[in-house]
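J.: Encoded as structure tokens, here's the structure I'll be asking about.
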Amino acid sequence: MQMTSPELLKIAVNEFNNKQLVAGLEKFSFGLVEDPETEAGFESLLSESFKVPAGQSFYDDFPVWQSTYDTYKLRVVAKDESGRVIAGGGVRITDIHAPSGALPVAIIGAICTAQNFRGKGFGSRIVQFLIQWAETRKVAGIFLWGSEINLYGRLGFSACGRQYKILAKDLVFRADSGSSVSVSSEVRLGFNHSIFELMRRRSTGIVLRSRDEKWLGAHQNTEWVSLWSKSQCLAYLAIGRGIDLHETIHEWGGTSDSLQKLLQHAVALRPNLIMIGGVEEFETSFPIVKGCAKEIQFLAKICDPAKWLSGYRKGIEFVHDREDLRSLEVQWFGEGERTGGTKFEPLPIWFWGLDGA
Ligand SMILES: CC(C)(COP(=O)(O)OP(=O)(O)OC[C@H]1O[C@@H](n2cnc3c(N)ncnc32)[C@H](O)[C@@H]1OP(=O)(O)O)[C@@H](O)C(=O)NCCC(=O)NCCS
């Protein structure tokens, strides 16, 4: 279901329609993706812009943006005078797990502009509108994944987060050490409700609610592998997503021993699998990765610094006060390696692979 504020939308529509973006291209209409024709135009522009192979759809890899699935989202498009969709994008509101509880956040995605309309400000205007809409929903911050640093930087986003990326076979270090996994355990393929229940127990990433099971299970190019003992799912891995995350394990969970056993199985078949995860998540399940190279995970725009400070205050003493929190790179001191007080470190935020859109 799409939710919107008619007033805000009206202002944006007028602003968008009245702005002469480029001489000779005076009139463009701006509106929601609601009717089947606009839906089809948006889907086809998304598939074209993200270079999806013929016969497939952008939604095969990003079903969260499809109208079919019940997520709290807004999708908007710009059309030219003939009614053709020439740009579009979406935002969804959800919650992220933080040490002190859930924080409301927005995730922007599905941003696209038709090839011959690029560089004229359509992408920026659409993202601007989505930001405005998210901000009125009192989110703590807005996240997106993209390499267009100029575009998003101008709109207040900065690179944040840290993730480990590691060759999965390097994590199989206790293969025959007599794990507690029963000899009767078996590996199964495909997504199912027990995997979802295990995912819901995670303490990082997006907070999963029962309505999220459908769109998570609708990823057409993601392979799910799980380890079972009798009727109990002990561990799971999700591999790939088509457009991105090729041969990458981006969702995983379960007990450390079961994960080891499952990984051993997966890398025996596919030795080049890469595994990504949050710094904290990896260090808990795979102590061996300590000290690995970390890379930036996402772009973030802070909307409400106070929410972040209260959400992450548990166990962390911030050096900065709330006015200084303009990015999620904060100077802070806490336990272990982070003690020091003078180092800038990102807040330990992590989005699992399918959380990001
Ligand atoms: C990214 C995209 C939506 C931009 O749309 P647009 O209407 O051209 O956006 P704007 O005119 O507002 O801004 C264009 C800016 O984005 C930058 N940009 C576009 N594509 C880029 C890329 N692949 N890498 C880096 N920067 C890029 C342009 O250089 C330009 O910056 P500049 O003004 O400083 O030169 C469009 O290029 C597109 O559809 N790309 C394919 C789909 C995609 O990758 N979407 C983004 C996923 S988050």
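Just remember, in the structure tokens the first chain shown is A, the second B, etc., residues are 1-based per chain, and ligands are 1-based in the order shown.
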Give me, as JSON lines, the closest atom pair and its distance (Å, one decimal) for every residue of region 35-96 of chain A within a cut-off of 9 Å of region 114-130 of chain A, counting only C-alpha atoms, rows sorted by chain and rising number.

T.:
{"residue": "A:Leu45", "atom": "CA", "partner": "A:Ala114", "partner_atom": "CA", "distance": 6.7}
{"residue": "A:Leu46", "atom": "CA", "partner": "A:Ala114", "partner_atom": "CA", "distance": 8.8}
{"residue": "A:Glu48", "atom": "CA", "partner": "A:Ala114", "partner_atom": "CA", "distance": 8.1}
{"residue": "A:Ser49", "atom": "CA", "partner": "A:Ala114", "partner_atom": "CA", "distance": 6.7}
{"residue": "A:Leu74", "atom": "CA", "partner": "A:Leu130", "partner_atom": "CA", "distance": 7.9}
{"residue": "A:Arg75", "atom": "CA", "partner": "A:Leu130", "partner_atom": "CA", "distance": 8.4}
{"residue": "A:Val76", "atom": "CA", "partner": "A:Ile126", "partner_atom": "CA", "distance": 7.4}
{"residue": "A:Val77", "atom": "CA", "partner": "A:Ile126", "partner_atom": "CA", "distance": 7.6}
{"residue": "A:Ala78", "atom": "CA", "partner": "A:Phe122", "partner_atom": "CA", "distance": 7.8}
{"residue": "A:Val85", "atom": "CA", "partner": "A:Ala114", "partner_atom": "CA", "distance": 8.2}
{"residue": "A:Ile86", "atom": "CA", "partner": "A:Ala114", "partner_atom": "CA", "distance": 5.1}
{"residue": "A:Ala87", "atom": "CA", "partner": "A:Ala114", "partner_atom": "CA", "distance": 6.1}
{"residue": "A:Gly88", "atom": "CA", "partner": "A:Ile126", "partner_atom": "CA", "distance": 6.7}
{"residue": "A:Gly89", "atom": "CA", "partner": "A:Ile126", "partner_atom": "CA", "distance": 6.5}
{"residue": "A:Gly90", "atom": "CA", "partner": "A:Leu130", "partner_atom": "CA", "distance": 7.0}
{"residue": "A:Val91", "atom": "CA", "partner": "A:Leu130", "partner_atom": "CA", "distance": 6.1}

J.: One number please: CA of Val207 (chain A) to CA of Trp352 (chain A), in Å, one decimal.

T.: 10.7 Å

J.: Can you list every residue in region 149-286 of chain A that DSSP puts in strand (DSSP E), as JSON, numbers by chain?

T.: {"A": [158, 159, 160, 163, 164, 165, 166, 167, 186, 187, 188, 189, 223, 224, 225, 226, 227, 228, 229, 232, 233, 234, 235, 236, 237, 238, 239, 248, 249, 250, 251, 252, 253, 254, 274, 275, 276, 277, 278]}

J.: Report, in Å to a single decimal, how far apart CA of Lys79 (chain A) and CA of Glu34 (chain A) are.

T.: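 Taking CA of Glu34 (chain A) as the start and CA of Lys79 (chain A) as the end point, the length is 13.4 Å.
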
J.: Using only C-alpha atoms, find the one residue out of A:Thr248, A:Ser184, A:Thr94, A:Ser231 that sits nearest to Thr71 (chain A).

T.: A:Thr94

J.: Residues near Ile239 (chain A), anyone? I mean within 6 Å using only C-alpha atoms, not counting same-chain ones fewer than 5 positions away, as a PDB file with C-alpha atoms, in the first residue's frame.

T.:
ATOM      1  CA  THR A 222      18.815 -15.342  -4.895  1.00  0.00           C
ATOM      2  CA  GLU A 223      19.759 -18.879  -3.895  1.00  0.00           C
ATOM      3  CA  THR A 248      28.169 -13.278  -2.747  1.00  0.00           C
ATOM      4  CA  ILE A 249      26.774 -14.645   0.510  1.00  0.00           C
TER       5      ILE A 249
END

J.: Of the residues A:Ser194, A:Gln232, A:Gln132, A:Thr113, which is the one nearest to ligand 1, using only C-alpha atoms and all ligand atoms?

T.: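 Of all the options, A:Thr113 lies closest to ligand 1.
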
J.: Between A:Ala306, A:Leu234, A:Leu32, A:Ile349, which residue has the minimum interatomic distance to Val139 (chain A), considering only C-alpha atoms?

T.: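 Closest to Val139 (chain A) of all the choices is A:Ala306.
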
J.: Which residue out of A:Arg209, A:His250, A:Lys73, A:His265 has the minimum interatomic distance to Ile166 (chain A) when only C-alpha atoms are used?

T.: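 Residue with the minimum atom-to-atom distance to Ile166 (chain A): A:His250.
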
J.: Quick one: residues within 12 Å of Gly205 (chain A), only C-alpha atoms counted, chain neighbours fewer than 4 positions away excluded, as a VMD selection string?

T.: chain A and resid 94 to 99 101 to 105 161 199 to 201 250 to 252 277 to 278 280 to 281 348 to 356

J.: Those same residues - N, CA and C atoms - I'd like them written as a JSON list (two decimals), in the first residue's frame.

T.:
[["chain", "number", "residue", "atom", "x", "y", "z"],
["A", 94, "THR", "N", 10.94, 2.03, 7.22],
["A", 94, "THR", "CA", 11.04, 0.79, 7.99],
["A", 94, "THR", "C", 11.78, 1.11, 9.29],
["A", 95, "ASP", "N", 12.19, 0.07, 10.02],
["A", 95, "ASP", "CA", 12.95, 0.31, 11.26],
["A", 95, "ASP", "C", 14.25, -0.46, 11.18],
["A", 96, "ILE", "N", 15.26, 0.10, 11.81],
["A", 96, "ILE", "CA", 16.53, -0.61, 11.89],
["A", 96, "ILE", "C", 16.79, -0.97, 13.35],
["A", 97, "HIS", "N", 17.38, -2.16, 13.57],
["A", 97, "HIS", "CA", 17.73, -2.54, 14.93],
["A", 97, "HIS", "C", 18.88, -1.66, 15.41],
["A", 98, "ALA", "N", 18.74, -1.07, 16.57],
["A", 98, "ALA", "CA", 19.85, -0.34, 17.20],
["A", 98, "ALA", "C", 19.98, -0.92, 18.61],
["A", 99, "PRO", "N", 21.13, -0.76, 19.25],
["A", 99, "PRO", "CA", 21.31, -1.37, 20.57],
["A", 99, "PRO", "C", 20.21, -1.02, 21.57],
["A", 101, "GLY", "N", 17.07, -0.28, 20.80],
["A", 101, "GLY", "CA", 15.72, -0.53, 20.26],
["A", 101, "GLY", "C", 15.65, -0.17, 18.79],
["A", 102, "ALA", "N", 14.44, -0.22, 18.22],
["A", 102, "ALA", "CA", 14.28, 0.05, 16.79],
["A", 102, "ALA", "C", 14.27, 1.55, 16.51],
["A", 103, "LEU", "N", 14.92, 1.95, 15.40],
["A", 103, "LEU", "CA", 14.90, 3.35, 14.97],
["A", 103, "LEU", "C", 14.21, 3.43, 13.61],
["A", 104, "PRO", "N", 13.30, 4.41, 13.41],
["A", 104, "PRO", "CA", 12.65, 4.53, 12.11],
["A", 104, "PRO", "C", 13.62, 5.11, 11.06],
["A", 105, "VAL", "N", 13.71, 4.46, 9.92],
["A", 105, "VAL", "CA", 14.61, 4.94, 8.85],
["A", 105, "VAL", "C", 13.89, 4.85, 7.51],
["A", 161, "GLY", "N", 29.15, 3.57, 7.22],
["A", 161, "GLY", "CA", 29.05, 2.14, 7.44],
["A", 161, "GLY", "C", 30.34, 1.43, 7.09],
["A", 199, "MET", "N", 15.78, -15.51, 10.53],
["A", 199, "MET", "CA", 16.19, -14.15, 10.15],
["A", 199, "MET", "C", 15.58, -13.12, 11.10],
["A", 200, "ARG", "N", 14.38, -13.37, 11.53],
["A", 200, "ARG", "CA", 13.70, -12.40, 12.40],
["A", 200, "ARG", "C", 14.38, -12.27, 13.75],
["A", 201, "ARG", "N", 15.19, -13.28, 14.10],
["A", 201, "ARG", "CA", 15.87, -13.22, 15.41],
["A", 201, "ARG", "C", 17.14, -12.40, 15.37],
["A", 250, "HIS", "N", 25.24, -12.89, 1.22],
["A", 250, "HIS", "CA", 24.94, -11.58, 1.81],
["A", 250, "HIS", "C", 23.94, -11.64, 2.94],
["A", 251, "GLU", "N", 23.32, -12.80, 3.14],
["A", 251, "GLU", "CA", 22.43, -13.00, 4.29],
["A", 251, "GLU", "C", 22.92, -14.29, 4.91],
["A", 252, "TRP", "N", 23.08, -14.32, 6.17],
["A", 252, "TRP", "CA", 23.48, -15.56, 6.83],
["A", 252, "TRP", "C", 23.14, -15.49, 8.30],
["A", 277, "GLY", "N", 29.51, -9.07, 5.44],
["A", 277, "GLY", "CA", 28.81, -8.99, 6.72],
["A", 277, "GLY", "C", 29.27, -7.77, 7.48],
["A", 278, "GLY", "N", 28.53, -7.45, 8.51],
["A", 278, "GLY", "CA", 28.89, -6.33, 9.37],
["A", 278, "GLY", "C", 30.10, -6.72, 10.22],
["A", 280, "GLU", "N", 30.64, -6.27, 13.41],
["A", 280, "GLU", "CA", 30.26, -6.92, 14.67],
["A", 280, "GLU", "C", 29.76, -8.35, 14.40],
["A", 281, "GLU", "N", 28.95, -8.51, 13.34],
["A", 281, "GLU", "CA", 28.37, -9.81, 13.02],
["A", 281, "GLU", "C", 29.47, -10.84, 12.74],
["A", 348, "PRO", "N", 28.24, 1.46, 14.55],
["A", 348, "PRO", "CA", 28.21, 0.07, 14.06],
["A", 348, "PRO", "C", 26.85, -0.31, 13.47],
["A", 349, "ILE", "N", 26.54, 0.30, 12.33],
["A", 349, "ILE", "CA", 25.25, 0.03, 11.67],
["A", 349, "ILE", "C", 25.49, -0.96, 10.54],
["A", 350, "TRP", "N", 24.59, -1.89, 10.40],
["A", 350, "TRP", "CA", 24.73, -2.88, 9.33],
["A", 350, "TRP", "C", 23.38, -3.19, 8.71],
["A", 351, "PHE", "N", 23.34, -3.21, 7.37],
["A", 351, "PHE", "CA", 22.14, -3.65, 6.65],
["A", 351, "PHE", "C", 22.50, -4.96, 5.98],
["A", 352, "TRP", "N", 21.67, -5.96, 6.12],
["A", 352, "TRP", "CA", 21.91, -7.22, 5.42],
["A", 352, "TRP", "C", 21.65, -7.01, 3.93],
["A", 353, "GLY", "N", 22.13, -7.97, 3.10],
["A", 353, "GLY", "CA", 22.09, -7.79, 1.65],
["A", 353, "GLY", "C", 20.75, -7.39, 1.08],
["A", 354, "LEU", "N", 19.68, -8.05, 1.50],
["A", 354, "LEU", "CA", 18.38, -7.76, 0.90],
["A", 354, "LEU", "C", 17.67, -6.59, 1.57],
["A", 355, "ASP", "N", 18.24, -6.07, 2.65],
["A", 355, "ASP", "CA", 17.69, -4.85, 3.29],
["A", 355, "ASP", "C", 17.91, -3.66, 2.38],
["A", 356, "GLY", "N", 19.07, -3.62, 1.74],
["A", 356, "GLY", "CA", 19.47, -2.50, 0.89],
["A", 356, "GLY", "C", 18.77, -2.64, -0.45]]

J.: Identify, on the basis of only C-alpha atoms, every residue whose closest approach to region 147-160 of chain A does not exceed 9 Å; exclude the query and any residue fewer than 4 positions from it along the same chain; express the result as a list in words.

T.: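 Within the cut-off, the hits are Gly123, Ser124, Val127, Gln128, Ile131, Ile142, Phe143, Ile296, Gln297, Phe298, Leu299, Ala300, Lys301, Ile302, Ser327, Leu328, Glu329, Pro346, Leu347 and Ile349 of chain A.
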
J.: Report, in Å to a single decimal, how far apart CA of Ile274 (chain A) and CA of Leu237 (chain A) are.

T.: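 According to the coordinates, CA of Leu237 (chain A) and CA of Ile274 (chain A) are separated by 11.7 Å.
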
J.: Would you please extract all helix (DSSP H, G or I) residues from region 56-202 of chain A, as assigned by DSSP on the backbone, and give them as a ChimeraX atom specification?

T.: /A:58-61,63-65,115-117,122-135,149-154,168-171,193-200

J.: Could the residues in this selection be saved with C-alpha atoms as a PDB file, in the first residue's frame?

T.:
ATOM      1  CA  PHE A  58      14.154  -5.183 -12.150  1.00  0.00           C
ATOM      2  CA  TYR A  59      11.594  -6.512  -9.666  1.00  0.00           C
ATOM      3  CA  ASP A  60      13.084 -10.032  -9.932  1.00  0.00           C
ATOM      4  CA  ASP A  61      15.978  -8.668  -7.853  1.00  0.00           C
ATOM      5  CA  PRO A  63      10.667  -7.124  -5.295  1.00  0.00           C
ATOM      6  CA  VAL A  64      10.354  -4.768  -2.323  1.00  0.00           C
ATOM      7  CA  TRP A  65       9.487  -1.971  -4.826  1.00  0.00           C
ATOM      8  CA  GLN A 115      19.123   7.689 -21.096  1.00  0.00           C
ATOM      9  CA  ASN A 116      18.311  10.793 -23.186  1.00  0.00           C
ATOM     10  CA  PHE A 117      16.946  12.743 -20.202  1.00  0.00           C
ATOM     11  CA  PHE A 122      15.357  14.665 -12.941  1.00  0.00           C
ATOM     12  CA  GLY A 123      17.180  12.180 -10.682  1.00  0.00           C
ATOM     13  CA  SER A 124      18.036  14.925  -8.176  1.00  0.00           C
ATOM     14  CA  ARG A 125      14.499  16.316  -8.088  1.00  0.00           C
ATOM     15  CA  ILE A 126      12.982  12.916  -7.528  1.00  0.00           C
ATOM     16  CA  VAL A 127      15.419  12.074  -4.738  1.00  0.00           C
ATOM     17  CA  GLN A 128      14.789  15.536  -3.204  1.00  0.00           C
ATOM     18  CA  PHE A 129      11.073  14.848  -3.135  1.00  0.00           C
ATOM     19  CA  LEU A 130      11.546  11.387  -1.629  1.00  0.00           C
ATOM     20  CA  ILE A 131      13.759  12.906   1.091  1.00  0.00           C
ATOM     21  CA  GLN A 132      11.099  15.520   1.888  1.00  0.00           C
ATOM     22  CA  TRP A 133       8.430  12.861   2.152  1.00  0.00           C
ATOM     23  CA  ALA A 134      10.604  10.661   4.396  1.00  0.00           C
ATOM     24  CA  GLU A 135      11.490  13.591   6.657  1.00  0.00           C
ATOM     25  CA  ILE A 149      28.521  10.581  -5.095  1.00  0.00           C
ATOM     26  CA  ASN A 150      28.065  14.011  -6.778  1.00  0.00           C
ATOM     27  CA  LEU A 151      24.326  13.633  -7.086  1.00  0.00           C
ATOM     28  CA  TYR A 152      23.719  12.258  -3.585  1.00  0.00           C
ATOM     29  CA  GLY A 153      26.452  14.361  -1.939  1.00  0.00           C
ATOM     30  CA  ARG A 154      24.677  17.552  -3.050  1.00  0.00           C
ATOM     31  CA  ALA A 168      34.166 -17.566   2.159  1.00  0.00           C
ATOM     32  CA  LYS A 169      36.582 -20.494   2.020  1.00  0.00           C
ATOM     33  CA  ASP A 170      38.949 -18.557   4.289  1.00  0.00           C
ATOM     34  CA  LEU A 171      36.293 -18.740   6.987  1.00  0.00           C
ATOM     35  CA  HIS A 193       9.234 -19.940   6.660  1.00  0.00           C
ATOM     36  CA  SER A 194      11.801 -21.439   9.090  1.00  0.00           C
ATOM     37  CA  ILE A 195      14.603 -19.444   7.454  1.00  0.00           C
ATOM     38  CA  PHE A 196      12.479 -16.324   7.802  1.00  0.00           C
ATOM     39  CA  GLU A 197      11.866 -17.071  11.491  1.00  0.00           C
ATOM     40  CA  LEU A 198      15.619 -17.429  12.023  1.00  0.00           C
ATOM     41  CA  MET A 199      16.187 -14.151  10.152  1.00  0.00           C
ATOM     42  CA  ARG A 200      13.698 -12.396  12.397  1.00  0.00           C
TER      43      ARG A 200
END

J.: Which is closest to ligand 1 among A:Ala357, A:Cys233, A:Leu189, A:Ala106, if we use only C-alpha atoms and all ligand atoms?

T.: A:Ala357

J.: Would you mind telling me which residue in A:Arg211, A:Arg92, A:Lys51, A:Arg270 lies nearest to ligand 1 when using only C-alpha atoms and all ligand atoms?

T.: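 With only C-alpha atoms and all ligand atoms as the atom set, the closest residue is A:Lys51.
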